[in-house]
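A.B. asks: Just one file: coords37.cif, with mmCIF, C-alpha atoms.
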data_query
#
loop_
_atom_site.label_atom_id
_atom_site.label_comp_id
_atom_site.auth_asym_id
_atom_site.auth_seq_id
_atom_site.Cartn_x
_atom_site.Cartn_y
_atom_site.Cartn_z
CA MET A 1 -16.67 21.55 -3.03
CA MET A 2 -19.38 19.56 -4.71
CA GLY A 3 -21.33 17.33 -2.32
CA ILE A 4 -21.71 13.58 -2.69
CA PRO A 5 -25.12 12.65 -4.17
CA PHE A 6 -27.53 10.95 -1.76
CA GLY A 7 -24.92 11.09 1.02
CA PHE A 8 -23.13 7.82 0.19
CA SER A 9 -19.41 7.34 -0.34
CA PRO A 10 -18.48 5.53 -3.58
CA THR A 11 -14.97 4.94 -2.24
CA GLN A 12 -16.23 3.29 0.95
CA ILE A 13 -18.73 1.19 -1.03
CA PHE A 14 -15.87 0.08 -3.29
CA ASN A 15 -13.72 -0.82 -0.26
CA PHE A 16 -16.62 -2.80 1.25
CA CYS A 17 -17.16 -4.80 -1.96
CA VAL A 18 -13.44 -5.48 -2.36
CA GLY A 19 -13.28 -6.69 1.25
CA LYS A 20 -16.05 -9.18 0.55
CA TYR A 21 -14.21 -10.38 -2.54
CA MET A 22 -10.99 -10.84 -0.55
CA ASN A 23 -12.99 -12.97 1.90
CA PHE A 24 -14.31 -15.01 -1.04
CA CYS A 25 -10.71 -15.61 -2.16
CA GLY A 26 -9.85 -17.11 1.24
CA LEU A 27 -8.35 -14.07 2.99
CA HIS A 28 -9.38 -12.25 6.12
CA SER A 29 -8.28 -8.99 7.72
CA ARG A 30 -6.33 -9.04 10.98
CA LEU A 31 -4.96 -6.29 13.24
CA VAL A 32 -1.57 -6.89 14.88
CA GLU A 33 -0.02 -4.73 17.61
CA LEU A 34 3.75 -4.31 17.33
CA ASP A 35 6.28 -3.25 19.96
CA ASN A 36 7.03 0.21 18.52
CA GLY A 37 3.70 1.94 19.07
CA THR A 38 2.34 0.57 15.82
CA THR A 39 -0.73 -1.42 14.82
CA MET A 40 -0.71 -3.03 11.38
CA GLU A 41 -3.65 -4.36 9.41
CA CYS A 42 -3.00 -7.30 7.11
CA TRP A 43 -5.07 -9.44 4.75
CA MET A 44 -3.90 -13.01 5.18
CA PRO A 45 -5.06 -16.62 4.57
CA LYS A 46 -7.91 -17.69 6.81
CA ASN A 47 -6.24 -21.05 7.47
CA HIS A 48 -2.76 -19.64 8.10
CA GLY A 49 -0.98 -21.61 10.81
CA ALA A 50 -2.87 -24.82 10.17
CA ARG A 51 -0.16 -27.05 8.77
CA GLN A 52 -1.71 -29.76 6.66
CA THR A 53 0.11 -32.84 5.48
CA ARG A 54 -0.55 -35.23 2.68
CA GLY A 55 1.42 -38.44 2.34
CA GLY A 56 3.88 -37.26 4.98
CA TYR A 57 4.70 -34.00 3.16
CA SER A 58 3.69 -30.49 4.21
CA THR A 59 1.23 -28.78 1.88
CA LYS A 60 2.07 -25.31 3.18
CA LYS A 61 2.50 -22.83 0.32
CA PRO A 62 5.35 -20.33 0.03
CA SER A 63 4.53 -16.88 1.38
CA LEU A 64 4.04 -13.85 -0.89
CA VAL A 65 3.84 -10.29 0.44
CA LEU A 66 2.15 -7.63 -1.73
CA LEU A 67 2.90 -3.96 -0.97
CA HIS A 68 0.61 -1.23 -2.29
CA ALA A 69 1.34 2.24 -3.66
CA PHE A 70 1.40 5.57 -1.84
CA GLY A 71 -2.03 7.01 -1.05
CA LEU A 72 -3.77 3.70 -1.78
CA ASN A 73 -4.34 0.55 0.29
CA SER A 74 -4.24 -3.24 0.17
CA HIS A 75 -7.43 -3.37 -1.92
CA THR A 76 -5.48 -2.30 -4.99
CA TRP A 77 -4.26 -5.93 -5.24
CA CYS A 78 -7.77 -7.38 -5.47
CA ARG A 79 -7.45 -8.36 -9.15
CA GLN A 80 -4.31 -10.41 -8.42
CA VAL A 81 -5.46 -12.19 -5.26
CA SER A 82 -7.33 -15.01 -6.96
CA SER A 83 -4.40 -15.93 -9.22
CA PHE A 84 -1.68 -15.61 -6.58
CA SER A 85 -3.57 -17.41 -3.81
CA SER A 86 -3.65 -20.65 -5.80
CA ALA A 87 0.15 -20.92 -5.54
CA PHE A 88 1.04 -18.79 -2.49
CA ASP A 89 -0.03 -17.89 1.01
CA VAL A 90 -0.78 -14.25 0.24
CA PHE A 91 -0.18 -11.47 2.80
CA ILE A 92 -1.30 -7.94 1.91
CA PRO A 93 -0.51 -5.43 4.66
CA ASN A 94 -1.87 -1.92 4.76
CA LEU A 95 1.15 0.32 5.09
CA LEU A 96 1.06 2.87 7.90
CA PHE A 97 -1.97 5.21 7.80
CA ALA A 98 -3.64 3.16 5.07
CA GLY A 99 -6.70 1.18 6.10
CA ARG A 100 -6.55 0.59 9.85
CA SER A 101 -2.74 0.66 10.13
CA PHE A 102 -1.37 3.45 12.30
CA THR A 103 1.47 4.38 14.64
CA THR A 104 2.26 6.80 17.43
CA ASN A 105 5.90 6.69 16.35
CA LYS A 106 7.15 9.87 14.66
CA ALA A 107 9.09 8.03 11.94
CA ARG A 108 7.76 8.47 8.38
CA THR A 109 10.41 6.85 6.18
CA GLU A 110 10.31 3.75 4.03
CA PHE A 111 12.89 2.30 6.44
CA PHE A 112 10.34 2.43 9.25
CA GLN A 113 7.63 1.03 6.97
CA ALA A 114 9.94 -1.86 6.10
CA GLU A 115 10.67 -2.49 9.78
CA CYS A 116 6.95 -2.57 10.61
CA VAL A 117 6.05 -4.94 7.77
CA TYR A 118 8.89 -7.27 8.79
CA LYS A 119 7.81 -7.26 12.44
CA LEU A 120 4.23 -7.91 11.35
CA LEU A 121 5.31 -10.98 9.38
CA GLN A 122 7.45 -12.22 12.27
CA HIS A 123 4.43 -11.90 14.55
CA LEU A 124 2.46 -14.00 12.06
CA ASP A 125 5.28 -16.62 12.06
CA VAL A 126 6.21 -15.89 8.45
CA GLN A 127 9.99 -16.33 8.50
CA GLU A 128 10.77 -16.32 4.78
CA PHE A 129 8.80 -14.73 1.98
CA CYS A 130 8.81 -13.20 -1.48
CA VAL A 131 7.88 -9.53 -1.89
CA VAL A 132 6.14 -7.70 -4.72
CA GLY A 133 5.97 -3.92 -4.34
CA THR A 134 4.47 -1.35 -6.68
CA SER A 135 5.32 2.36 -6.64
CA TYR A 136 5.88 3.37 -2.97
CA GLY A 137 5.46 -0.30 -2.05
CA GLY A 138 8.55 -0.90 -4.19
CA PHE A 139 10.50 1.52 -1.98
CA VAL A 140 9.41 -0.42 1.10
CA GLY A 141 10.15 -3.80 -0.51
CA TYR A 142 13.59 -2.58 -1.59
CA ARG A 143 14.39 -1.57 1.99
CA MET A 144 13.11 -4.89 3.33
CA ALA A 145 15.45 -6.79 1.02
CA HIS A 146 18.32 -4.54 2.14
CA MET A 147 17.55 -4.74 5.86
CA TYR A 148 16.42 -8.38 6.09
CA PRO A 149 18.21 -10.36 3.32
CA HIS A 150 17.87 -13.57 5.33
CA ALA A 151 14.06 -13.34 5.11
CA VAL A 152 13.38 -11.91 1.63
CA GLN A 153 13.76 -14.78 -0.83
CA LYS A 154 12.79 -12.90 -3.99
CA LEU A 155 11.87 -9.29 -4.71
CA VAL A 156 9.82 -7.85 -7.58
CA ILE A 157 9.60 -4.07 -7.95
CA SER A 158 7.04 -2.59 -10.32
CA SER A 159 6.63 1.05 -11.45
CA SER A 160 8.88 2.21 -8.64
CA ALA A 161 11.73 4.71 -9.03
CA VAL A 162 13.88 3.47 -6.15
CA ASN A 163 16.80 5.43 -7.66
CA MET A 164 15.00 8.79 -7.24
CA THR A 165 17.15 11.83 -6.43
CA PRO A 166 16.33 15.44 -5.46
CA GLU A 167 16.73 16.27 -9.15
CA THR A 168 13.91 13.82 -9.92
CA ASP A 169 11.60 15.77 -7.63
CA GLU A 170 12.64 19.06 -9.22
CA ALA A 171 11.81 17.76 -12.70
CA MET A 172 8.38 16.64 -11.50
CA VAL A 173 7.70 20.02 -9.91
CA ARG A 174 8.60 21.81 -13.14
CA ARG A 175 6.39 19.48 -15.18
CA PHE A 176 3.31 20.06 -13.05
CA LYS A 177 4.11 23.71 -12.19
CA THR A 178 3.81 23.26 -8.43
CA LYS A 179 5.84 24.63 -5.54
CA ASP A 180 7.08 21.24 -4.29
CA VAL A 181 6.52 17.53 -4.78
CA THR A 182 4.12 17.20 -1.82
CA GLU A 183 1.51 19.19 -3.77
CA ILE A 184 1.54 16.36 -6.33
CA LEU A 185 1.66 13.43 -3.92
CA GLN A 186 -0.74 14.94 -1.36
CA PRO A 187 -3.53 16.66 -3.35
CA HIS A 188 -5.94 18.99 -1.59
CA ASP A 189 -8.70 19.29 -4.20
CA ALA A 190 -10.32 17.55 -7.17
CA GLU A 191 -7.86 19.11 -9.60
CA GLY A 192 -5.00 17.76 -7.51
CA ILE A 193 -6.53 14.26 -7.64
CA ARG A 194 -6.71 14.46 -11.43
CA ARG A 195 -3.12 15.71 -11.58
CA ALA A 196 -1.92 12.83 -9.40
CA SER A 197 -3.78 10.35 -11.63
CA ILE A 198 -1.50 11.35 -14.51
CA LEU A 199 1.33 9.72 -12.57
CA ALA A 200 -0.77 6.79 -11.34
CA PHE A 201 -2.19 5.56 -14.65
CA TYR A 202 -0.29 4.39 -17.71
CA LYS A 203 -3.41 5.01 -19.79
CA GLN A 204 -5.76 7.75 -18.67
CA PRO A 205 -9.51 6.92 -18.39
CA PRO A 206 -11.41 7.82 -21.58
CA PHE A 207 -13.75 10.03 -19.52
CA THR A 208 -13.48 12.83 -16.97
CA VAL A 209 -13.95 11.59 -13.42
CA PRO A 210 -16.80 13.58 -11.80
CA GLU A 211 -15.73 16.09 -9.18
CA PHE A 212 -17.79 14.43 -6.43
CA ILE A 213 -15.86 11.17 -6.99
CA CYS A 214 -12.54 13.03 -6.72
CA ASN A 215 -13.68 14.76 -3.54
CA ASP A 216 -14.83 11.47 -2.05
CA VAL A 217 -11.44 9.87 -2.72
CA LEU A 218 -9.86 12.94 -1.14
CA ASN A 219 -12.04 12.74 1.97
CA VAL A 220 -11.35 9.04 2.50
CA SER A 221 -7.60 9.37 1.87
CA GLN A 222 -6.81 12.67 3.58
CA CYS A 223 -5.91 11.04 6.93
CA TYR A 224 -3.27 8.92 5.17
CA TRP A 225 -1.74 11.83 3.29
CA ARG A 226 -1.86 14.17 6.29
CA ASN A 227 -0.03 11.69 8.53
CA MET A 228 2.58 10.56 6.00
CA ARG A 229 3.89 13.99 4.87
CA LEU A 230 6.56 12.28 2.79
CA ASN A 231 9.20 13.88 0.65
CA PHE A 232 11.10 11.07 -1.08
CA SER A 233 14.05 13.34 -1.83
CA LEU A 234 14.92 13.41 1.88
CA HIS A 235 15.79 9.72 1.90
CA HIS A 236 17.81 9.26 -1.29
#
Could I get this file's structure written as structure tokens?

C.D. replies:
Amino acid sequence: MMGIPFGFSPTQIFNFCVGKYMNFCGLHSRLVELDNGTTMECWMPKNHGARQTRGGYSTKKPSLVLLHAFGLNSHTWCRQVSSFSSAFDVFIPNLLFAGRSFTTNKARTEFFQAECVYKLLQHLDVQEFCVVGTSYGGFVGYRMAHMYPHAVQKLVISSSAVNMTPETDEAMVRRFKTKDVTEILQPHDAEGIRRASILAFYKQPPFTVPEFICNDVLNVSQCYWRNMRLNFSLHH
């Protein structure tokens, strides 16, 4: 494995810079302990809970929850935060084992993820909200709308095959010539990262990502992938 030049982590530097930008956009990170052995991290408005009024009317914005893809984290929404925050109170949780979110519970399904996100929002006194989920976040958002229809006002699902079947996994395995789908979703080397990027990007980068960058992404993300051990075909 090729070492990282000068000993720094490009992925961690990127996460640090994105965190500062989220702060600039009026969000801050908060850790919330739930009652099921879970701690969730969420980016949320700094002034959340401070109800302001103007002319006798509340100026509180509607709440919008953004759910990230599998293997990534809340920072993937950084390019949308500025636009959305002008019209919504934006909440961007890190799903379990992304960022600082974790659990001692043995559950690993999108049902449990949906339960945890809902309990997080209840703890933050967010009773009704809209949800936008991309990829795996779409699975979680779909389950939230199913499990908590009284709370989910609107749902947007992007690039998310919520109608996946075991046959879908089999087709993916044949395409990438792997033994099972976890080899694609949970890469173990730089080549695996590049293979996964074929699924992640609509247009591939016009250059080859250096191996040390792939390995750095792998090192930063391996805790998430190791703890999730998901096989979507088990739940559909």

A.B. asks: Compare A:Glu115, A:Glu167, A:Asp216, A:Glu110 by their minimum atom-to-atom distance to Gly137 in chain A, counting all atoms listed in the file, and give me the closest one.

C.D. replies: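 Smallest distance to Gly137 in chain A is found for A:Glu110.
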
A.B. asks: Written as an NGL selection string, what is the full residue list that the PyMOL selection byres ((chain A and resi 29) around 6) yields on the file shown?

C.D. replies: :A and (28 or 30 or 42-43)

A.B. asks: Store the residues of this selection in a file with C-alpha atoms, as a JSON list (two decimals), in the coordinates of the input.

C.D. replies:
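So result.json came out as:
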[["chain", "number", "residue", "atom", "x", "y", "z"],
["A", 28, "HIS", "CA", -9.38, -12.25, 6.12],
["A", 30, "ARG", "CA", -6.33, -9.04, 10.98],
["A", 42, "CYS", "CA", -3.00, -7.30, 7.11],
["A", 43, "TRP", "CA", -5.07, -9.44, 4.75]]

A.B. asks: Rounded to one decimal place, report the CA of Leu155 in chain A-CA of Leu95 in chain A distance in Å.

C.D. replies: 17.4 Å

A.B. asks: Using the chain letters and residue numbers of this document, give as a PyMOL selection string the residues selected by the PyMOL selection byres ((chain A and resi 187-203) around 12).

C.D. replies: chain A and resi 1-2+69-72+134-136+159-160+172-173+175-178+180-186+204-219+221-226+229

A.B. asks: Which of these, A:Lys20, A:Lys60, A:His150, A:Arg100, has the shortest distance to Thr38 in chain A once you count only C-alpha atoms?

C.D. replies: A:Arg100

A.B. asks: Between CA of Leu64 in chain A and CA of Val90 in chain A, what is the spacing in Å?

C.D. replies: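 Going from CA of Val90 in chain A over to CA of Leu64 in chain A, I get 5.0 Å.
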
A.B. asks: Fix up range 20-37 of chain A with N, CA, C and O atoms, then write it as a compact mmCIF listing (two decimals), in the frame of the given file.

C.D. replies:
# COMPACT_ATOMS: atom_id res chain seq x y z
N LYS A 20 -15.27 -7.96 0.70
CA LYS A 20 -16.05 -9.18 0.55
C LYS A 20 -15.41 -10.12 -0.47
O LYS A 20 -15.40 -11.34 -0.29
N TYR A 21 -14.87 -9.55 -1.53
CA TYR A 21 -14.21 -10.38 -2.54
C TYR A 21 -12.95 -11.02 -1.98
O TYR A 21 -12.66 -12.19 -2.27
N MET A 22 -12.19 -10.28 -1.18
CA MET A 22 -10.99 -10.84 -0.55
C MET A 22 -11.37 -12.01 0.35
O MET A 22 -10.67 -13.03 0.39
N ASN A 23 -12.49 -11.86 1.07
CA ASN A 23 -12.99 -12.97 1.90
C ASN A 23 -13.31 -14.18 1.03
O ASN A 23 -12.99 -15.32 1.38
N PHE A 24 -13.95 -13.94 -0.11
CA PHE A 24 -14.31 -15.01 -1.04
C PHE A 24 -13.07 -15.75 -1.54
O PHE A 24 -13.11 -16.96 -1.79
N CYS A 25 -11.96 -15.02 -1.68
CA CYS A 25 -10.71 -15.61 -2.16
C CYS A 25 -9.92 -16.30 -1.04
O CYS A 25 -8.79 -16.76 -1.27
N GLY A 26 -10.49 -16.37 0.16
CA GLY A 26 -9.85 -17.11 1.24
C GLY A 26 -9.00 -16.28 2.18
O GLY A 26 -8.24 -16.83 2.98
N LEU A 27 -9.12 -14.94 2.10
CA LEU A 27 -8.35 -14.07 2.99
C LEU A 27 -9.25 -13.43 4.04
O LEU A 27 -10.45 -13.29 3.83
N HIS A 28 -8.65 -13.03 5.13
CA HIS A 28 -9.38 -12.25 6.12
C HIS A 28 -8.46 -11.17 6.67
O HIS A 28 -7.23 -11.27 6.58
N SER A 29 -9.04 -10.12 7.21
CA SER A 29 -8.28 -8.99 7.72
C SER A 29 -7.98 -9.20 9.20
O SER A 29 -8.85 -9.56 9.98
N ARG A 30 -6.73 -8.89 9.59
CA ARG A 30 -6.33 -9.04 10.98
C ARG A 30 -5.51 -7.84 11.42
O ARG A 30 -4.69 -7.32 10.65
N LEU A 31 -5.74 -7.37 12.64
CA LEU A 31 -4.96 -6.29 13.24
C LEU A 31 -3.91 -6.88 14.17
O LEU A 31 -4.21 -7.76 14.98
N VAL A 32 -2.67 -6.39 14.06
CA VAL A 32 -1.57 -6.89 14.88
C VAL A 32 -0.87 -5.71 15.55
O VAL A 32 -0.46 -4.76 14.88
N GLU A 33 -0.73 -5.77 16.87
CA GLU A 33 -0.02 -4.73 17.61
C GLU A 33 1.47 -5.08 17.67
O GLU A 33 1.84 -6.18 18.08
N LEU A 34 2.31 -4.12 17.29
CA LEU A 34 3.75 -4.31 17.33
C LEU A 34 4.33 -3.65 18.58
O LEU A 34 3.61 -3.02 19.35
N ASP A 35 5.65 -3.75 18.74
CA ASP A 35 6.28 -3.25 19.96
C ASP A 35 6.84 -1.83 19.81
O ASP A 35 7.61 -1.37 20.66
N ASN A 36 6.49 -1.13 18.74
CA ASN A 36 7.03 0.21 18.52
C ASN A 36 5.92 1.25 18.40
O ASN A 36 6.05 2.23 17.67
N GLY A 37 4.82 1.01 19.11
CA GLY A 37 3.70 1.94 19.07
C GLY A 37 2.88 1.86 17.81
O GLY A 37 2.16 2.80 17.46
